[in-house]
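Novice: Below is the file entry_10.cif, with mmCIF, C-alpha atoms.
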```
data_protein
#
loop_
_atom_site.group_PDB
_atom_site.id
_atom_site.type_symbol
_atom_site.label_atom_id
_atom_site.label_comp_id
_atom_site.auth_asym_id
_atom_site.auth_seq_id
_atom_site.Cartn_x
_atom_site.Cartn_y
_atom_site.Cartn_z
ATOM 1 C CA MET N 106 -34.169 52.493 -18.746
ATOM 2 C CA SER N 107 -31.318 51.605 -16.414
ATOM 3 C CA ALA N 108 -29.024 51.284 -19.451
ATOM 4 C CA CYS N 109 -30.001 54.802 -20.548
ATOM 5 C CA ALA N 110 -29.331 56.136 -17.043
ATOM 6 C CA GLY N 111 -25.953 54.400 -17.054
ATOM 7 C CA VAL N 112 -24.986 55.917 -20.402
ATOM 8 C CA PHE N 113 -26.154 59.312 -19.181
ATOM 9 C CA ALA N 114 -24.116 59.035 -15.960
ATOM 10 C CA VAL N 115 -20.991 58.039 -17.899
ATOM 11 C CA SER N 116 -21.467 60.921 -20.330
ATOM 12 C CA CYS N 117 -21.912 63.349 -17.404
ATOM 13 C CA SER N 118 -18.736 62.135 -15.657
ATOM 14 C CA ARG N 119 -16.824 62.439 -18.934
ATOM 15 C CA GLU N 120 -18.080 65.995 -19.303
ATOM 16 C CA GLN N 121 -16.954 66.785 -15.754
ATOM 17 C CA LEU N 122 -13.521 65.280 -16.438
ATOM 18 C CA LYS N 123 -13.237 67.239 -19.674
ATOM 19 C CA GLY N 124 -14.270 70.404 -17.831
ATOM 20 C CA ALA N 125 -11.605 69.855 -15.163
ATOM 21 C CA THR N 126 -8.957 69.231 -17.826
ATOM 22 C CA THR N 127 -9.963 72.403 -19.662
ATOM 23 C CA LEU N 128 -9.790 74.373 -16.437
ATOM 24 C CA GLN N 129 -6.292 73.067 -15.768
ATOM 25 C CA ARG N 130 -5.275 73.895 -19.333
ATOM 26 C CA GLU N 131 -6.640 77.423 -18.922
ATOM 27 C CA ARG N 132 -4.598 77.809 -15.756
ATOM 28 C CA GLN N 133 -1.442 76.612 -17.512
ATOM 29 C CA LEU N 134 -2.044 78.893 -20.466
ATOM 30 C CA ASN N 135 -2.671 81.819 -18.133
ATOM 31 C CA GLN N 136 0.670 81.176 -16.442
ATOM 32 C CA PHE N 137 2.438 80.877 -19.762
ATOM 33 C CA LEU N 138 0.969 84.085 -21.176
ATOM 34 C CA ALA N 139 1.587 85.998 -17.953
ATOM 35 C CA GLY N 140 5.222 84.939 -18.127
ATOM 36 C CA VAL N 141 5.749 85.845 -21.769
ATOM 37 C CA GLU N 142 3.499 88.871 -22.351
ATOM 38 C CA ARG N 143 5.903 91.650 -21.288
ATOM 39 C CA ARG N 144 8.788 90.308 -23.300
ATOM 40 C CA ALA N 145 6.499 89.716 -26.255
ATOM 41 C CA LEU N 146 5.343 93.314 -26.071
ATOM 42 C CA ARG N 147 8.881 94.708 -26.109
ATOM 43 C CA PHE N 148 9.761 92.226 -28.836
ATOM 44 C CA ALA N 149 6.913 93.479 -31.026
ATOM 45 C CA GLU N 150 7.565 97.094 -30.054
ATOM 46 C CA ILE N 151 11.176 96.924 -31.203
ATOM 47 C CA ALA N 152 10.007 95.397 -34.478
ATOM 48 C CA VAL N 153 7.158 97.802 -35.297
ATOM 49 C CA ARG N 154 8.362 100.827 -33.264
ATOM 50 C CA ASP N 155 4.917 101.641 -31.915
ATOM 51 C CA ARG N 156 3.569 100.537 -28.536
ATOM 52 C CA ASP N 157 -0.143 100.550 -29.394
ATOM 53 C CA GLU N 158 0.456 98.529 -32.518
ATOM 54 C CA ALA N 159 2.669 96.170 -30.513
ATOM 55 C CA LEU N 160 -0.076 95.706 -27.903
ATOM 56 C CA ASP N 161 -2.560 94.815 -30.637
ATOM 57 C CA LEU N 162 -0.129 92.345 -32.177
ATOM 58 C CA VAL N 163 0.521 90.657 -28.829
ATOM 59 C CA GLN N 164 -3.197 90.422 -28.106
ATOM 60 C CA ASP N 165 -3.826 88.843 -31.522
ATOM 61 C CA ALA N 166 -1.045 86.334 -30.917
ATOM 62 C CA MET N 167 -2.451 85.440 -27.491
ATOM 63 C CA ILE N 168 -5.942 84.900 -28.888
ATOM 64 C CA LYS N 169 -4.694 82.799 -31.794
ATOM 65 C CA LEU N 170 -2.597 80.644 -29.478
ATOM 66 C CA ALA N 171 -5.559 80.103 -27.137
ATOM 67 C CA ARG N 172 -7.943 79.404 -30.001
ATOM 68 C CA ASN N 173 -5.786 77.063 -32.056
ATOM 69 C CA TYR N 174 -3.004 75.632 -29.930
ATOM 70 C CA ALA N 175 -4.259 75.435 -26.338
ATOM 71 C CA GLU N 176 -4.388 71.640 -26.631
ATOM 72 C CA GLN N 177 -0.762 71.402 -27.797
ATOM 73 C CA PRO N 178 1.892 70.262 -25.298
ATOM 74 C CA GLU N 179 2.950 73.124 -23.046
ATOM 75 C CA ASP N 180 6.613 73.025 -24.096
ATOM 76 C CA GLU N 181 5.582 73.809 -27.679
ATOM 77 C CA TRP N 182 3.777 77.005 -26.742
ATOM 78 C CA THR N 183 6.823 79.315 -26.696
ATOM 79 C CA PRO N 184 7.983 78.730 -30.309
ATOM 80 C CA LEU N 185 4.364 78.590 -31.493
ATOM 81 C CA PHE N 186 3.517 81.855 -29.764
ATOM 82 C CA PHE N 187 6.510 83.648 -31.233
ATOM 83 C CA ARG N 188 5.790 82.189 -34.650
ATOM 84 C CA ILE N 189 2.273 83.640 -34.494
ATOM 85 C CA LEU N 190 3.692 86.948 -33.291
ATOM 86 C CA GLN N 191 6.292 86.983 -36.077
ATOM 87 C CA ASN N 192 3.613 86.319 -38.669
ATOM 88 C CA GLY N 193 1.585 89.178 -37.224
ATOM 89 C CA ILE N 194 4.606 91.487 -37.420
ATOM 90 C CA ARG N 195 5.253 90.500 -41.040
ATOM 91 C CA ASP N 196 1.609 91.161 -41.937
ATOM 92 C CA TRP N 197 1.886 94.499 -40.176
ATOM 93 C CA TYR N 198 4.915 95.411 -42.312
ATOM 94 C CA ARG N 199 3.029 94.450 -45.476
ATOM 95 C CA ARG N 200 0.087 96.640 -44.495
ATOM 96 C CA GLN N 201 2.462 99.511 -43.670
ATOM 97 C CA MET N 202 4.142 99.226 -47.054
ATOM 98 C CA VAL N 203 0.806 99.412 -48.823
ATOM 99 C CA ARG N 204 -0.300 102.320 -46.639
ATOM 100 C CA ASN N 205 2.949 104.217 -47.214
ATOM 101 C CA ARG N 206 2.617 103.737 -50.963
ATOM 102 C CA VAL N 207 -0.878 105.172 -50.827
ATOM 103 C CA MET N 208 0.311 108.083 -48.667
ATOM 104 C CA VAL N 209 3.151 108.816 -51.084
ATOM 105 C CA TRP N 210 0.669 108.662 -53.938
ATOM 106 C CA PHE N 211 -1.414 111.337 -52.239
ATOM 107 C CA GLY N 212 1.705 113.384 -51.443
ATOM 108 C CA ARG N 213 1.816 112.730 -47.692
ATOM 109 C CA GLY N 214 4.826 111.087 -46.102
ATOM 110 C CA THR N 215 4.927 109.511 -42.680
ATOM 111 C CA ASN N 216 7.244 110.629 -39.908
ATOM 112 C CA ALA N 217 6.135 108.081 -37.321
ATOM 113 C CA ASP N 218 9.745 107.022 -36.721
ATOM 114 C CA ASN N 219 10.758 110.525 -35.688
ATOM 115 C CA ASP N 220 7.984 110.698 -33.080
ATOM 116 C CA TYR N 221 8.809 107.312 -31.620
ATOM 117 C CA ASP N 222 9.932 107.156 -28.011
ATOM 118 C CA PRO N 223 11.127 103.577 -27.457
ATOM 119 C CA VAL N 224 11.411 103.672 -23.672
ATOM 120 C CA ALA N 225 8.402 104.697 -21.634
ATOM 121 C CA GLN N 226 8.883 107.416 -19.077
ATOM 122 C CA ALA N 227 8.536 105.223 -16.023
ATOM 123 C CA PRO N 228 10.358 105.274 -12.681
ATOM 124 C CA ASP N 229 13.306 102.932 -12.522
ATOM 125 C CA PRO N 230 12.560 99.932 -10.273
ATOM 126 C CA ALA N 231 16.297 99.395 -9.711
ATOM 127 C CA GLY N 232 16.493 102.844 -8.128
ATOM 128 C CA ARG N 233 19.208 104.159 -10.430
ATOM 129 C CA GLY N 234 19.951 107.834 -10.699
ATOM 130 C CA PRO N 235 18.801 109.938 -13.650
ATOM 131 C CA ASP N 236 22.267 109.865 -15.272
ATOM 132 C CA ASP N 237 22.532 106.075 -15.129
ATOM 133 C CA GLN N 238 19.029 105.707 -16.408
ATOM 134 C CA ALA N 239 19.687 108.165 -19.232
ATOM 135 C CA GLN N 240 22.755 106.153 -20.232
ATOM 136 C CA THR N 241 20.749 102.919 -20.210
ATOM 137 C CA ASP N 242 17.971 104.547 -22.217
ATOM 138 C CA GLU N 243 20.465 105.848 -24.739
ATOM 139 C CA ALA N 244 22.083 102.438 -25.099
ATOM 140 C CA MET N 245 18.689 100.822 -25.536
ATOM 141 C CA GLN N 246 17.748 103.378 -28.181
ATOM 142 C CA GLU N 247 20.959 102.647 -30.053
ATOM 143 C CA LEU N 248 20.315 98.933 -29.812
ATOM 144 C CA GLU N 249 16.703 99.262 -30.939
ATOM 145 C CA SER N 250 17.714 101.466 -33.789
ATOM 146 C CA ALA N 251 20.445 99.054 -34.913
ATOM 147 C CA VAL N 252 18.185 96.013 -34.535
ATOM 148 C CA GLY N 253 15.467 97.861 -36.434
ATOM 149 C CA ARG N 254 17.842 98.405 -39.368
ATOM 150 C CA LEU N 255 18.611 94.698 -39.706
ATOM 151 C CA PRO N 256 16.943 92.730 -42.500
ATOM 152 C CA ALA N 257 13.729 91.156 -41.213
ATOM 153 C CA ARG N 258 14.971 87.561 -40.971
ATOM 154 C CA GLN N 259 18.210 88.567 -39.255
ATOM 155 C CA ARG N 260 16.249 90.706 -36.807
ATOM 156 C CA GLU N 261 13.906 87.809 -36.034
ATOM 157 C CA ALA N 262 16.768 85.381 -35.489
ATOM 158 C CA PHE N 263 18.669 87.793 -33.271
ATOM 159 C CA MET N 264 15.661 88.745 -31.139
ATOM 160 C CA LEU N 265 14.412 85.190 -30.694
ATOM 161 C CA ARG N 266 17.848 83.826 -29.819
ATOM 162 C CA THR N 267 19.109 86.721 -27.717
ATOM 163 C CA PHE N 268 16.050 88.345 -26.135
ATOM 164 C CA GLU N 269 13.827 85.287 -25.798
ATOM 165 C CA GLY N 270 16.620 82.799 -25.202
ATOM 166 C CA LEU N 271 15.153 80.257 -27.636
ATOM 167 C CA ASP N 272 17.551 77.563 -28.789
ATOM 168 C CA VAL N 273 18.271 77.010 -32.491
ATOM 169 C CA ALA N 274 15.503 74.400 -32.846
ATOM 170 C CA GLY N 275 12.905 76.608 -31.114
ATOM 171 C CA THR N 276 13.942 79.604 -33.195
ATOM 172 C CA ALA N 277 13.606 77.519 -36.364
ATOM 173 C CA VAL N 278 10.026 76.598 -35.366
ATOM 174 C CA ALA N 279 9.229 80.227 -34.525
ATOM 175 C CA MET N 280 10.682 81.481 -37.810
ATOM 176 C CA GLY N 281 9.355 78.617 -39.917
ATOM 177 C CA CYS N 282 12.741 77.796 -41.434
ATOM 178 C CA SER N 283 15.583 75.305 -41.067
ATOM 179 C CA GLN N 284 18.063 75.329 -38.205
ATOM 180 C CA GLY N 285 20.863 76.042 -40.664
ATOM 181 C CA SER N 286 19.079 79.201 -41.804
ATOM 182 C CA VAL N 287 18.678 80.299 -38.198
ATOM 183 C CA LYS N 288 22.411 79.966 -37.605
ATOM 184 C CA THR N 289 23.208 81.930 -40.753
ATOM 185 C CA HIS N 290 20.730 84.727 -40.010
ATOM 186 C CA TYR N 291 21.853 84.974 -36.396
ATOM 187 C CA SER N 292 25.535 85.071 -37.252
ATOM 188 C CA ARG N 293 25.008 87.802 -39.857
ATOM 189 C CA ALA N 294 22.837 89.770 -37.446
ATOM 190 C CA VAL N 295 25.464 89.715 -34.701
ATOM 191 C CA HIS N 296 28.190 90.792 -37.101
ATOM 192 C CA SER N 297 26.063 93.655 -38.416
ATOM 193 C CA LEU N 298 25.234 94.773 -34.892
ATOM 194 C CA ARG N 299 28.842 94.575 -33.837
ATOM 195 C CA ASP N 300 29.755 96.799 -36.757
ATOM 196 C CA ALA N 301 26.969 99.242 -35.887
ATOM 197 C CA LEU N 302 27.401 99.293 -32.122
ATOM 198 C CA GLY N 303 30.924 98.062 -31.616
ATOM 199 C CA GLU N 304 32.627 101.344 -31.025
ATOM 200 C CA HIS N 305 30.102 102.338 -28.330
ATOM 201 C CA TRP N 306 29.783 98.964 -26.671
ATOM 202 C CA GLN N 307 33.248 97.410 -26.550
ATOM 203 C CA MET Q 11 38.570 87.754 -38.257
ATOM 204 C CA LYS Q 12 35.984 86.060 -36.131
ATOM 205 C CA LYS Q 13 35.570 87.217 -32.539
ATOM 206 C CA PRO Q 14 33.251 84.798 -30.737
ATOM 207 C CA HIS Q 15 33.818 86.317 -27.298
ATOM 208 C CA GLN Q 16 32.867 89.743 -28.676
ATOM 209 C CA ASP Q 17 29.713 88.249 -30.183
ATOM 210 C CA GLU Q 18 28.808 86.702 -26.855
ATOM 211 C CA GLU Q 19 29.499 89.940 -25.034
ATOM 212 C CA LEU Q 20 27.325 91.891 -27.455
ATOM 213 C CA ALA Q 21 24.485 89.380 -27.032
ATOM 214 C CA ARG Q 22 24.841 89.547 -23.249
ATOM 215 C CA GLN Q 23 24.700 93.348 -23.177
ATOM 216 C CA ALA Q 24 21.768 93.387 -25.586
ATOM 217 C CA LYS Q 25 19.855 90.924 -23.422
ATOM 218 C CA GLU Q 26 20.565 92.961 -20.294
ATOM 219 C CA LEU Q 27 19.212 96.104 -21.917
ATOM 220 C CA PHE Q 28 16.181 94.249 -23.223
ATOM 221 C CA ASP Q 29 15.423 92.729 -19.807
ATOM 222 C CA ASP Q 30 15.813 96.142 -18.222
ATOM 223 C CA SER Q 31 13.324 97.694 -20.638
ATOM 224 C CA VAL Q 32 10.880 94.846 -19.921
ATOM 225 C CA GLU Q 33 11.128 95.515 -16.194
ATOM 226 C CA ARG Q 34 10.415 99.215 -16.678
ATOM 227 C CA LEU Q 35 7.101 98.843 -18.494
ATOM 228 C CA ASP Q 36 4.545 101.239 -17.034
ATOM 229 C CA SER Q 37 1.451 100.141 -15.141
ATOM 230 C CA ALA Q 38 -1.003 101.257 -17.864
ATOM 231 C CA THR Q 39 0.740 98.977 -20.352
ATOM 232 C CA LEU Q 40 0.790 96.091 -17.882
ATOM 233 C CA SER Q 41 -2.919 96.583 -17.295
ATOM 234 C CA ARG Q 42 -3.603 96.405 -21.028
ATOM 235 C CA LEU Q 43 -1.534 93.241 -21.288
ATOM 236 C CA ASN Q 44 -3.529 91.745 -18.433
ATOM 237 C CA ARG Q 45 -6.808 92.531 -20.187
ATOM 238 C CA SER Q 46 -5.509 91.058 -23.435
ATOM 239 C CA ARG Q 47 -4.550 87.870 -21.640
ATOM 240 C CA HIS Q 48 -7.986 87.450 -20.117
ATOM 241 C CA GLU Q 49 -9.628 88.017 -23.493
ATOM 242 C CA ALA Q 50 -7.403 85.308 -24.939
ATOM 243 C CA LEU Q 51 -8.324 82.890 -22.158
ATOM 244 C CA ALA Q 52 -12.015 83.590 -22.718
ATOM 245 C CA GLU Q 53 -11.414 82.414 -26.271
ATOM 246 C CA ILE Q 54 -10.772 78.874 -24.978
ATOM 247 C CA GLU Q 55 -14.260 78.819 -23.459
ATOM 248 C CA ARG Q 56 -15.788 80.062 -26.699
ATOM 249 C CA THR Q 57 -14.008 77.530 -28.891
ATOM 250 C CA LYS Q 58 -14.529 74.433 -26.718
ATOM 251 C CA PRO Q 59 -16.230 71.601 -28.618
ATOM 252 C CA PHE Q 60 -19.983 72.223 -28.270
ATOM 253 C CA GLY Q 61 -18.861 75.269 -26.201
ATOM 254 C CA LYS Q 62 -22.023 77.170 -25.429
ATOM 255 C CA TRP Q 63 -24.272 74.092 -25.811
ATOM 256 C CA ALA Q 64 -22.368 72.136 -23.168
ATOM 257 C CA ARG Q 65 -24.597 73.421 -20.350
ATOM 258 C CA TRP Q 66 -27.641 71.838 -22.053
ATOM 259 C CA MET Q 67 -25.998 68.427 -22.356
ATOM 260 C CA PRO Q 68 -27.569 66.889 -19.188
ATOM 261 C CA ALA Q 69 -31.077 68.086 -20.090
ATOM 262 C CA THR Q 70 -30.622 66.852 -23.649
ATOM 263 C CA GLY Q 71 -29.464 63.487 -22.314
ATOM 264 C CA VAL Q 72 -32.541 63.139 -20.101
ATOM 265 C CA ALA Q 73 -34.856 64.103 -22.963
ATOM 266 C CA ALA Q 74 -33.165 61.624 -25.305
ATOM 267 C CA ALA Q 75 -33.446 58.860 -22.672
ATOM 268 C CA ALA Q 76 -37.162 59.646 -22.222
ATOM 269 C CA VAL Q 77 -37.784 59.483 -25.970
ATOM 270 C CA VAL Q 78 -35.963 56.148 -26.203
ATOM 271 C CA ALA Q 79 -37.987 54.803 -23.267
ATOM 272 C CA VAL Q 80 -41.300 55.817 -24.860
ATOM 273 C CA VAL Q 81 -40.338 54.283 -28.186
ATOM 274 C CA VAL Q 82 -39.270 51.010 -26.539
ATOM 275 C CA TRP Q 83 -42.456 50.892 -24.413
ATOM 276 C CA GLN Q 84 -44.685 51.468 -27.432
ATOM 277 C CA GLY Q 85 -42.840 48.786 -29.365
ATOM 278 C CA VAL Q 86 -43.544 46.228 -26.627
ATOM 279 C CA SER Q 87 -47.184 47.206 -26.139
ATOM 280 C CA THR Q 88 -48.066 46.983 -29.851
ATOM 281 C CA GLU Q 89 -47.153 43.314 -29.845
ATOM 282 C CA GLY Q 90 -50.369 42.468 -27.934
ATOM 283 C CA PRO Q 91 -53.289 40.585 -29.543
ATOM 284 C CA LEU Q 92 -55.755 43.524 -29.746
ATOM 285 C CA PRO Q 93 -55.588 46.158 -32.486
ATOM 286 C CA GLU Q 94 -54.423 49.660 -31.449
ATOM 287 C CA THR Q 95 -57.776 51.326 -32.071
ATOM 288 C CA THR Q 96 -59.565 49.031 -29.672
ATOM 289 C CA GLU Q 97 -56.972 49.483 -26.977
ATOM 290 C CA PHE Q 98 -57.122 53.236 -27.331
ATOM 291 C CA THR Q 99 -60.921 53.224 -27.240
ATOM 292 C CA ASP Q 100 -60.976 51.122 -24.072
ATOM 293 C CA PHE Q 101 -58.596 53.518 -22.431
ATOM 294 C CA GLU Q 102 -60.741 56.469 -23.457
ATOM 295 C CA ILE Q 103 -63.783 54.820 -21.937
ATOM 296 C CA LEU Q 104 -61.978 54.162 -18.695
ATOM 297 C CA ILE Q 105 -60.849 57.745 -18.198
ATOM 298 C CA GLY Q 106 -64.121 59.265 -19.440
ATOM 299 C CA GLU Q 107 -66.833 60.791 -17.271
ATOM 300 C CA ASP Q 108 -69.130 57.839 -17.921
ATOM 301 C CA SER Q 109 -66.645 55.295 -16.596
ATOM 302 C CA LEU Q 110 -68.696 54.624 -13.457
ATOM 303 C CA GLU Q 111 -71.834 54.043 -15.519
ATOM 304 C CA MET Q 112 -69.860 51.723 -17.714
ATOM 305 C CA LEU Q 113 -68.774 49.694 -14.724
ATOM 306 C CA GLU Q 114 -72.408 49.388 -13.655
ATOM 307 C CA ASN Q 115 -73.411 48.165 -17.137
ATOM 308 C CA LEU Q 116 -70.564 45.786 -17.818
ATOM 309 C CA GLU Q 117 -72.952 43.133 -19.083
ATOM 310 C CA PHE Q 118 -74.310 45.502 -21.700
ATOM 311 C CA TYR Q 119 -70.882 46.412 -22.967
ATOM 312 C CA SER Q 120 -69.736 42.834 -23.120
ATOM 313 C CA TRP Q 121 -72.860 42.142 -25.242
ATOM 314 C CA ILE Q 122 -71.711 44.626 -27.928
ATOM 315 C CA ASP Q 123 -70.041 42.969 -30.907
ATOM 316 C CA PRO Q 124 -66.276 43.785 -31.016
ATOM 317 C CA SER Q 125 -66.545 44.153 -34.817
ATOM 318 C CA ASP Q 126 -68.922 47.051 -34.225
ATOM 319 C CA LEU Q 127 -66.134 48.843 -32.391
ATOM 320 C CA GLU Q 128 -63.788 48.452 -35.314
ATOM 321 C CA THR Q 129 -66.212 49.704 -37.933
ATOM 322 C CA ASN Q 130 -67.678 52.665 -36.010
ATOM 323 C CA GLY Q 131 -64.685 53.608 -33.890
ATOM 324 C CA ASN Q 132 -66.846 54.277 -30.787
ATOM 325 C CA VAL Q 133 -69.552 52.799 -28.668
ATOM 326 C CA GLY Q 134 -72.079 55.533 -28.828
#
```
Could you write out this file's structure as structure tokens?
Specialist:
Amino acid sequence: MSACAGVFAVSCSREQLKGATTLQRERQLNQFLAGVERRALRFAEIAVRDRDEALDLVQDAMIKLARNYAEQPEDEWTPLFFRILQNGIRDWYRRQMVRNRVMVWFGRGTNADNDYDPVAQAPDPAGRGPDDQAQTDEAMQELESAVGRLPARQREAFMLRTFEGLDVAGTAVAMGCSQGSVKTHYSRAVHSLRDALGEHWQ
Amino acid sequence: MKKPHQDEELARQAKELFDDSVERLDSATLSRLNRSRHEALAEIERTKPFGKWARWMPATGVAAAAVVAVVVWQGVSTEGPLPETTEFTDFEILIGEDSLEMLENLEFYSWIDPSDLETNGNVG
């Protein structure tokens, strides 16, 4: 009997230890997601040009990260999270293509792009005047529009490297390709953007 | 002609604009992000190994220990010289209503042939 009690006590203490570790992991994941969620939303919003869709994509990515990769080392979360998000965005594009084909088949186009307002009408926390803010909004619209016209892989490379600040290795993990491909896509993206925006930005 | 400084400048301006747009997200959107995050964290709880059964682990452990104890105890007790039926019958007699009478008539019971117990299964 005492052996059984001993085994039981050990199993209980292991459970408690596991519970404490899980709690700590939850706390770390909460911090990570809180730090990345806003940028991830804008990232997805620029890609799909719709805030509600972007919110859904970010939520899916958060859930998948928590479900499948919570036990991974913390420093791997950023590329993994953006890889999940990228995959979600690609799936979204595939679904849109199918939907658009169906809509065209039934004689209805979509003008979602024309209705899109990329910057929410929110007060400026930096306290800038309406003119300054309008200029910033206009520049952001131009940037979003130009980024949105890039081929998908170039857009991914540019956004991950520039907006998220991932290094080449992290971007390669997030995009699921080699580091050489990342460099090529990024370089082409920057050149295309410079051609598109150069005259306004330089 | 390659213009690395222009590339860097473009990336810097783009990042500034992006950061600015992140800072200006409205409160309704931030609230939705917050809810999404908590739903994601709840997913960890749901997908823990033995997740929802974990709370029953101590009770299950106690029950398993009790079962093991009973099995071990029975194993030891069956090694005795008397057959199980006799032992059970004696126990039944002891806890029965007539146990006091039995104690008064111990001589009578000791006179009964043990083989009679085995063949009939009772003393009555």
Novice: Kindly resolve the PyMOL selection byres ((chain Q) within 10 of (chain N)) on the present coordinates and return the residues as number ranges by chain.
Specialist: Q: 12-13, 16-37, 39-40, 42-58, 64-65, 67-68, 70-72, 74-76, 78-80, 82
Novice: Draw an axis-aligned box over all listed atoms of segment 80-85 of chain Q, pad each side with 3 Å, and write its centre and edge lengths in Å, one decimal, as JSON.
Specialist:
```
{"center_x": -42.0, "center_y": 52.3, "center_z": -26.9, "size_x": 11.4, "size_y": 13.0, "size_z": 11.0}
```
Novice: Just how far from atom CA of Met202 of chain N is atom CA of Pro184 of chain N, in Å to one decimal?
Specialist: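 Rounded to one decimal, the two atoms are 26.7 Å apart.
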Novice: At most 8 Å from (9.1, 88.6, -34.1), file frame, only C-alpha atoms: which residues, as a list in words?
Specialist: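 So the residues meeting the distance criterion are Phe148, Ala149, Ala152, Phe187, Arg188, Leu190, Gln191, Asn192, Ile194, Arg260, Glu261, Met264 and Leu265 of chain N.
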Novice: Next, dump the selected residues to file, keeping only C-alpha atoms, as a tab-separated table (two decimals), in the frame of the given file.
Specialist:
```
chain	number	residue	atom	x	y	z
N	148	PHE	CA	9.76	92.23	-28.84
N	149	ALA	CA	6.91	93.48	-31.03
N	152	ALA	CA	10.01	95.40	-34.48
N	187	PHE	CA	6.51	83.65	-31.23
N	188	ARG	CA	5.79	82.19	-34.65
N	190	LEU	CA	3.69	86.95	-33.29
N	191	GLN	CA	6.29	86.98	-36.08
N	192	ASN	CA	3.61	86.32	-38.67
N	194	ILE	CA	4.61	91.49	-37.42
N	260	ARG	CA	16.25	90.71	-36.81
N	261	GLU	CA	13.91	87.81	-36.03
N	264	MET	CA	15.66	88.74	-31.14
N	265	LEU	CA	14.41	85.19	-30.69
```
Novice: Starting from the shown file, work through the PyMOL selection byres ((chain N and resi 280) around 8) and note down what comes out as a VMD selection string.
Specialist: chain N and resid 188 191 261 to 262 276 to 279 281 to 282
